[in-house]
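> Sharing a structure below in structure tokens format, with a few things to ask.
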There are 2 protein chains.
Amino acid sequence: MTVPDIGVLAGQLMRALQEELFETLAELGHPDVSPRHGTVLAFLDPKGVRATDLAARSGQHKQIIGTILDELVRLGYVTREPDPADRRAKLIVPTERGIDEITKARAILAAIEERHERILGAERYAGFKQMLQQVTRDQRAWRQAGASTA
Amino acid sequence: MTVPDIGVLAGQLMRALQEELFETLAELGHPDVSPRHGTVLAFLDPKGVRATDLAARSGQHKQIIGTILDELVRLGYVTREPDPADRRAKLIVPTERGIDEITKARAILAAIEERHERILGAERYAGFKQMLQQVTRDQRAWRQAGASTA
DNA sequence: TATTGATAGTCAATGATCGTGACTAAATTG
DNA sequence: CAATTTAGTCACGATCATTGACTATCAATA
């Protein structure tokens, strides 16, 4: 346990970020949204998004998205509108409260990143984030690439 | 959704790493261990560790550790030995199979990191990992520091 | 137009995982 | 020896993810 691997680090970082984000959101008037809801809220659009798109972007099953949307509707964050282009589909549209949550969540994340930027220096932090993006992208590409050559 | 924030990135990275790690472990003769078990296996020691220590290090409740250990005993990865220093406690000792899993898991992680090292360059990757450590440490320190000043 | 196959969303059932409270046995403290 | 703390377990309920099946609609085509 001298040097944690990137898996442990990524997990710890994600958890710590979630804690600060959702505790701060609770203080700012959104005590009822959880990380579970966040995975959906993060991909909303004022113009509306289909539930299937939300499932694809968040990487979760559409059944899970459905129950999350049930809760978000009940909590007043989104509404289900009929999609004029496709009568099977429903557009998930954020309410004013939903937009407020999204705005504040982004501001909180931005403030967190600025804090790390101040510690590391703008240039180094920019490099860090860019490398984090690349490592994440490359790691996610593993499955398509040389997966299960065994 | 132009640039994902570090929270989303950390989550995606962790998930992708878990997938490669446990699928590769399955191919190498350990198809029955899950990320759930991994959080305990990662902290084992050939000399034996107490369940309470495992709970503290992994950040999970001792009840959860208990059930995970039940499974790991059943799967033949660890045994519960009496602790000579404390008759209440039991030392969790990895079996040969457990040590094999730990060894292989570390090798897989090392290979993954080497792959990213080759892509980014050894120097840049070293810097990346060091910054990831620092950002994680600073983020985890948030709670103790200026939490809930609101 | 009728048919076939794919897609959007939901319902239902199951299993995995986590959290809480209570409990026994042993150590520790005074 | 009595009181408190600690190690581990048992039992219950809540949350969450995974799977399969189902209806309604769209899209393509004969």
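So you can find residues: chains in the structure tokens are A, B, ... in the order shown, residues in each start at 1, and ligands are numbered from 1 in order.
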Considering only C-alpha atoms (C1' of nucleotides), give me a table of residues in chain B that are at most 10 Å from chain D, with the closest atom pair and distance in Å for each, as JSON lines.

{"residue": "B:Arg50", "atom": "CA", "partner": "D:DA7", "partner_atom": "C1'", "distance": 8.9}
{"residue": "B:Ala51", "atom": "CA", "partner": "D:DG8", "partner_atom": "C1'", "distance": 8.1}
{"residue": "B:Thr52", "atom": "CA", "partner": "D:DA7", "partner_atom": "C1'", "distance": 7.2}
{"residue": "B:Lys62", "atom": "CA", "partner": "D:DG8", "partner_atom": "C1'", "distance": 8.2}
{"residue": "B:Gln63", "atom": "CA", "partner": "D:DT9", "partner_atom": "C1'", "distance": 7.9}
{"residue": "B:Gly66", "atom": "CA", "partner": "D:DT9", "partner_atom": "C1'", "distance": 7.9}
{"residue": "B:Thr67", "atom": "CA", "partner": "D:DT9", "partner_atom": "C1'", "distance": 9.7}
{"residue": "B:Asp86", "atom": "CA", "partner": "D:DA7", "partner_atom": "C1'", "distance": 9.0}
{"residue": "B:Arg87", "atom": "CA", "partner": "D:DA7", "partner_atom": "C1'", "distance": 9.0}
{"residue": "B:Arg88", "atom": "CA", "partner": "D:DA7", "partner_atom": "C1'", "distance": 5.5}
{"residue": "B:Ala89", "atom": "CA", "partner": "D:DA7", "partner_atom": "C1'", "distance": 5.3}
{"residue": "B:Lys90", "atom": "CA", "partner": "D:DA7", "partner_atom": "C1'", "distance": 8.2}
> Return as an MDAnalysis selection string the residues belonging to chain C that are within 8 Å of chain A, counting only C-alpha atoms (C1' of nucleotides).
chainID C and resid 8:10
> Using 9 Å as the limit and counting only C-alpha atoms, can you tabulate each residue of chain A that touches chain B, with its shortest atom-to-atom distance in Å and the two atoms involved, as a Markdown table?

| residue | atom | partner | partner_atom | distance |
| --- | --- | --- | --- | --- |
| A:Met1 | CA | B:Phe43 | CA | 7.4 |
| A:Pro4 | CA | B:Gln133 | CA | 8.4 |
| A:Asp5 | CA | B:Leu109 | CA | 7.2 |
| A:Ile6 | CA | B:Lys129 | CA | 7.3 |
| A:Gly7 | CA | B:Met14 | CA | 5.5 |
| A:Val8 | CA | B:Met14 | CA | 7.8 |
| A:Leu9 | CA | B:Thr136 | CA | 6.7 |
| A:Ala10 | CA | B:Ala10 | CA | 5.1 |
| A:Gly11 | CA | B:Met14 | CA | 5.7 |
| A:Gln12 | CA | B:Thr136 | CA | 6.7 |
| A:Leu13 | CA | B:Thr136 | CA | 4.9 |
| A:Met14 | CA | B:Ala10 | CA | 5.4 |
| A:Arg15 | CA | B:Gly7 | CA | 8.6 |
| A:Ala16 | CA | B:Arg140 | CA | 5.3 |
| A:Leu17 | CA | B:Gly7 | CA | 6.2 |
| A:Gln18 | CA | B:Gly7 | CA | 7.3 |
| A:Glu19 | CA | B:Arg143 | CA | 8.5 |
| A:Glu20 | CA | B:Trp142 | CA | 7.5 |
| A:Glu23 | CA | B:Ser148 | CA | 8.0 |
| A:Thr24 | CA | B:Ser148 | CA | 7.3 |
| A:Glu27 | CA | B:Ala150 | CA | 7.0 |
| A:Leu28 | CA | B:Ala150 | CA | 8.6 |
| A:Thr39 | CA | B:Val8 | CA | 8.6 |
| A:Ala42 | CA | B:Met1 | CA | 8.4 |
| A:Phe43 | CA | B:Met1 | CA | 7.2 |
| A:Arg106 | CA | B:Asp5 | CA | 8.7 |
| A:Leu109 | CA | B:Asp5 | CA | 7.2 |
| A:Ala110 | CA | B:Asp5 | CA | 8.2 |
| A:Ile112 | CA | B:Gln139 | CA | 8.4 |
| A:Glu113 | CA | B:Ile6 | CA | 7.9 |
| A:His116 | CA | B:Val135 | CA | 6.6 |
| A:Ile119 | CA | B:Val135 | CA | 8.8 |
| A:Leu120 | CA | B:Met131 | CA | 8.0 |
| A:Arg124 | CA | B:Met131 | CA | 8.6 |
| A:Tyr125 | CA | B:Met131 | CA | 8.2 |
| A:Gly127 | CA | B:Phe128 | CA | 8.2 |
| A:Phe128 | CA | B:Phe128 | CA | 5.8 |
| A:Lys129 | CA | B:Ile6 | CA | 7.3 |
| A:Met131 | CA | B:Phe128 | CA | 6.8 |
| A:Leu132 | CA | B:Leu9 | CA | 7.2 |
| A:Gln133 | CA | B:Leu9 | CA | 6.7 |
| A:Gln134 | CA | B:Leu120 | CA | 8.7 |
| A:Val135 | CA | B:His116 | CA | 6.6 |
| A:Thr136 | CA | B:Leu13 | CA | 4.9 |
| A:Arg137 | CA | B:Leu13 | CA | 8.1 |
| A:Asp138 | CA | B:His116 | CA | 7.8 |
| A:Gln139 | CA | B:Ala16 | CA | 6.0 |
| A:Arg140 | CA | B:Ala16 | CA | 5.4 |
| A:Ala141 | CA | B:Ala16 | CA | 8.7 |
| A:Trp142 | CA | B:Glu20 | CA | 7.5 |
| A:Arg143 | CA | B:Glu20 | CA | 7.6 |
| A:Ala147 | CA | B:Glu20 | CA | 8.2 |
| A:Ser148 | CA | B:Thr24 | CA | 7.6 |
| A:Ala150 | CA | B:Glu27 | CA | 7.0 |
> What would the file look like if the residues just selected were written as a short mmCIF file (atom, residue, chain, number, x, y, z; two decimals), in the first residue's frame with N, CA and C atoms?

data_model
loop_
_atom_site.label_atom_id
_atom_site.label_comp_id
_atom_site.auth_asym_id
_atom_site.auth_seq_id
_atom_site.Cartn_x
_atom_site.Cartn_y
_atom_site.Cartn_z
N MET A 1 0.82 -1.22 0.00
CA MET A 1 0.00 0.00 0.00
C MET A 1 0.85 1.26 0.00
N PRO A 4 -0.80 3.95 -4.19
CA PRO A 4 -2.04 3.42 -4.73
C PRO A 4 -2.03 3.47 -6.25
N ASP A 5 -2.65 2.47 -6.86
CA ASP A 5 -2.73 2.45 -8.31
C ASP A 5 -3.79 3.44 -8.80
N ILE A 6 -3.81 3.65 -10.11
CA ILE A 6 -4.73 4.65 -10.63
C ILE A 6 -6.18 4.26 -10.42
N GLY A 7 -6.46 2.96 -10.32
CA GLY A 7 -7.84 2.55 -10.08
C GLY A 7 -8.32 3.02 -8.72
N VAL A 8 -7.53 2.77 -7.71
CA VAL A 8 -7.89 3.23 -6.36
C VAL A 8 -7.97 4.76 -6.34
N LEU A 9 -7.01 5.40 -6.97
CA LEU A 9 -7.01 6.86 -6.98
C LEU A 9 -8.26 7.40 -7.67
N ALA A 10 -8.59 6.83 -8.82
CA ALA A 10 -9.77 7.31 -9.54
C ALA A 10 -11.02 7.14 -8.70
N GLY A 11 -11.11 6.00 -8.03
CA GLY A 11 -12.27 5.77 -7.18
C GLY A 11 -12.35 6.74 -6.02
N GLN A 12 -11.23 6.95 -5.36
CA GLN A 12 -11.23 7.88 -4.23
C GLN A 12 -11.55 9.29 -4.69
N LEU A 13 -10.99 9.67 -5.83
CA LEU A 13 -11.25 11.02 -6.33
C LEU A 13 -12.72 11.19 -6.66
N MET A 14 -13.28 10.22 -7.34
CA MET A 14 -14.69 10.33 -7.70
C MET A 14 -15.57 10.46 -6.46
N ARG A 15 -15.28 9.63 -5.48
CA ARG A 15 -16.09 9.64 -4.26
C ARG A 15 -15.97 10.99 -3.54
N ALA A 16 -14.75 11.49 -3.44
CA ALA A 16 -14.55 12.75 -2.74
C ALA A 16 -15.22 13.90 -3.49
N LEU A 17 -15.16 13.86 -4.81
CA LEU A 17 -15.81 14.90 -5.60
C LEU A 17 -17.32 14.84 -5.41
N GLN A 18 -17.86 13.63 -5.44
CA GLN A 18 -19.29 13.48 -5.24
C GLN A 18 -19.72 14.04 -3.89
N GLU A 19 -18.94 13.75 -2.88
CA GLU A 19 -19.32 14.24 -1.54
C GLU A 19 -19.41 15.75 -1.52
N GLU A 20 -18.37 16.41 -2.04
CA GLU A 20 -18.40 17.87 -2.00
C GLU A 20 -19.52 18.41 -2.87
N GLU A 23 -23.06 17.59 -1.18
CA GLU A 23 -23.26 18.31 0.08
C GLU A 23 -23.45 19.80 -0.17
N THR A 24 -22.68 20.33 -1.11
CA THR A 24 -22.84 21.74 -1.42
C THR A 24 -24.18 22.00 -2.10
N GLU A 27 -26.77 22.30 0.44
CA GLU A 27 -26.75 23.60 1.12
C GLU A 27 -27.36 24.69 0.24
N LEU A 28 -27.33 24.48 -1.06
CA LEU A 28 -27.82 25.49 -1.99
C LEU A 28 -29.26 25.22 -2.42
N THR A 39 -26.17 11.41 -12.49
CA THR A 39 -25.73 10.84 -13.76
C THR A 39 -26.70 11.15 -14.88
N ALA A 42 -26.74 15.43 -15.40
CA ALA A 42 -25.56 15.97 -16.07
C ALA A 42 -25.72 15.99 -17.58
N PHE A 43 -26.63 15.19 -18.10
CA PHE A 43 -26.75 15.09 -19.56
C PHE A 43 -28.02 15.73 -20.09
N ARG A 106 -22.80 22.77 -12.05
CA ARG A 106 -21.65 23.13 -12.89
C ARG A 106 -20.79 24.17 -12.22
N LEU A 109 -18.69 22.41 -9.54
CA LEU A 109 -17.58 21.68 -10.15
C LEU A 109 -16.51 22.63 -10.65
N ALA A 110 -16.95 23.73 -11.26
CA ALA A 110 -15.98 24.70 -11.76
C ALA A 110 -15.16 25.28 -10.62
N ILE A 112 -14.50 23.83 -7.79
CA ILE A 112 -13.58 22.78 -7.32
C ILE A 112 -12.36 22.73 -8.23
N GLU A 113 -12.62 22.75 -9.53
CA GLU A 113 -11.49 22.67 -10.45
C GLU A 113 -10.59 23.89 -10.32
N HIS A 116 -8.22 23.39 -7.44
CA HIS A 116 -7.07 22.54 -7.76
C HIS A 116 -6.12 23.26 -8.72
N ILE A 119 -3.82 25.36 -6.74
CA ILE A 119 -2.79 24.59 -6.04
C ILE A 119 -1.71 24.13 -7.01
N LEU A 120 -2.15 23.59 -8.13
CA LEU A 120 -1.18 23.01 -9.07
C LEU A 120 -0.57 24.05 -10.00
N ARG A 124 -0.06 23.50 -15.21
CA ARG A 124 0.06 22.10 -14.85
C ARG A 124 -1.32 21.46 -14.76
N TYR A 125 -2.29 22.22 -14.20
CA TYR A 125 -3.63 21.63 -14.07
C TYR A 125 -4.23 21.36 -15.44
N GLY A 127 -2.66 20.65 -18.11
CA GLY A 127 -2.01 19.44 -18.60
C GLY A 127 -2.57 18.19 -17.93
N PHE A 128 -2.79 18.30 -16.63
CA PHE A 128 -3.33 17.16 -15.89
C PHE A 128 -4.69 16.75 -16.43
N LYS A 129 -5.55 17.75 -16.62
CA LYS A 129 -6.90 17.42 -17.06
C LYS A 129 -6.87 16.83 -18.47
N MET A 131 -4.46 15.12 -19.80
CA MET A 131 -3.96 13.74 -19.71
C MET A 131 -5.01 12.82 -19.10
N LEU A 132 -5.76 13.34 -18.13
CA LEU A 132 -6.83 12.52 -17.54
C LEU A 132 -7.85 12.15 -18.61
N GLN A 133 -8.16 13.11 -19.46
CA GLN A 133 -9.08 12.83 -20.56
C GLN A 133 -8.53 11.74 -21.47
N GLN A 134 -7.25 11.89 -21.81
CA GLN A 134 -6.68 10.93 -22.75
C GLN A 134 -6.59 9.54 -22.14
N VAL A 135 -6.14 9.47 -20.90
CA VAL A 135 -6.03 8.16 -20.25
C VAL A 135 -7.42 7.51 -20.17
N THR A 136 -8.42 8.31 -19.81
CA THR A 136 -9.78 7.77 -19.72
C THR A 136 -10.23 7.26 -21.08
N ARG A 137 -9.99 8.07 -22.10
CA ARG A 137 -10.40 7.65 -23.44
C ARG A 137 -9.69 6.37 -23.85
N ASP A 138 -8.38 6.33 -23.66
CA ASP A 138 -7.63 5.14 -24.04
C ASP A 138 -8.09 3.91 -23.25
N GLN A 139 -8.36 4.11 -21.97
CA GLN A 139 -8.77 2.98 -21.15
C GLN A 139 -10.14 2.46 -21.58
N ARG A 140 -11.03 3.39 -21.91
CA ARG A 140 -12.36 2.96 -22.35
C ARG A 140 -12.29 2.28 -23.70
N ALA A 141 -11.23 2.55 -24.46
CA ALA A 141 -11.09 1.94 -25.78
C ALA A 141 -10.55 0.52 -25.69
N TRP A 142 -10.15 0.11 -24.49
CA TRP A 142 -9.55 -1.21 -24.35
C TRP A 142 -10.46 -2.32 -24.86
N ARG A 143 -11.72 -2.24 -24.47
CA ARG A 143 -12.66 -3.30 -24.83
C ARG A 143 -12.70 -3.52 -26.35
N ALA A 147 -9.26 -6.62 -26.55
CA ALA A 147 -9.93 -7.32 -25.46
C ALA A 147 -10.01 -8.81 -25.72
N SER A 148 -9.87 -9.55 -24.66
CA SER A 148 -10.05 -11.00 -24.65
C SER A 148 -9.37 -11.65 -25.85
N ALA A 150 -7.34 -13.78 -25.21
CA ALA A 150 -7.00 -15.07 -24.60
C ALA A 150 -7.89 -16.18 -25.14
#
> Give the strand (DSSP E or B) residues of range 18-125 of chain B, as DSSP finds them on the backbone, and put them as a PDB file with C-alpha atoms, in the first residue's frame.

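Okay, out17.pdb is ready:
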ATOM      1  CA  VAL B  49      -4.911  -8.493   8.865  1.00  0.00           C
ATOM      2  CA  ARG B  50      -7.810  -7.946  11.191  1.00  0.00           C
ATOM      3  CA  VAL B  78      -8.740 -16.366   2.601  1.00  0.00           C
ATOM      4  CA  THR B  79      -9.023 -18.124   5.940  1.00  0.00           C
ATOM      5  CA  ARG B  80      -9.945 -16.786   9.339  1.00  0.00           C
ATOM      6  CA  GLU B  81      -7.256 -17.568  11.890  1.00  0.00           C
ATOM      7  CA  PRO B  82      -7.458 -16.739  15.568  1.00  0.00           C
ATOM      8  CA  ASP B  83      -5.381 -13.742  16.513  1.00  0.00           C
ATOM      9  CA  ASP B  86      -6.506 -10.806  20.925  1.00  0.00           C
ATOM     10  CA  ARG B  87      -8.950 -13.613  21.399  1.00  0.00           C
ATOM     11  CA  ARG B  88     -11.834 -11.506  20.146  1.00  0.00           C
ATOM     12  CA  ALA B  89     -10.147 -10.834  16.829  1.00  0.00           C
ATOM     13  CA  LYS B  90      -9.510 -13.044  13.838  1.00  0.00           C
ATOM     14  CA  LEU B  91      -6.667 -12.640  11.424  1.00  0.00           C
ATOM     15  CA  ILE B  92      -7.631 -12.711   7.791  1.00  0.00           C
ATOM     16  CA  VAL B  93      -4.911 -14.646   6.003  1.00  0.00           C
ATOM     17  CA  PRO B  94      -4.855 -15.107   2.220  1.00  0.00           C
TER      18      PRO B  94
END
> Which neighbours of Leu72 in chain A fall inside 9 Å, counting only C-alpha atoms (C1' of nucleotides), when residues of the same chain fewer than 3 positions from it are skipped, and could you give them as a VMD selection string?
chain A and resid 33 37 41 67 to 69 75 to 79 98
> Hey, can you check how far CA of Glu71 in chain B sits from CA of Gly59 in chain A?
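Between CA of Glu71 in chain B and CA of Gly59 in chain A the gap works out to 28.7 Å.
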> Grab the CA of Arg118 in chain A to CA of Arg118 in chain B distance for me, in Å with one decimal place.
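Those two atoms sit 29.2 Å apart.
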> Going by DSSP on the backbone, which bits of range 23-130 of chain B are helix (DSSP H, G or I)? Write them as number ranges by chain, please.
B: 23-27, 35-41, 51-58, 62-74, 96-120, 122-130
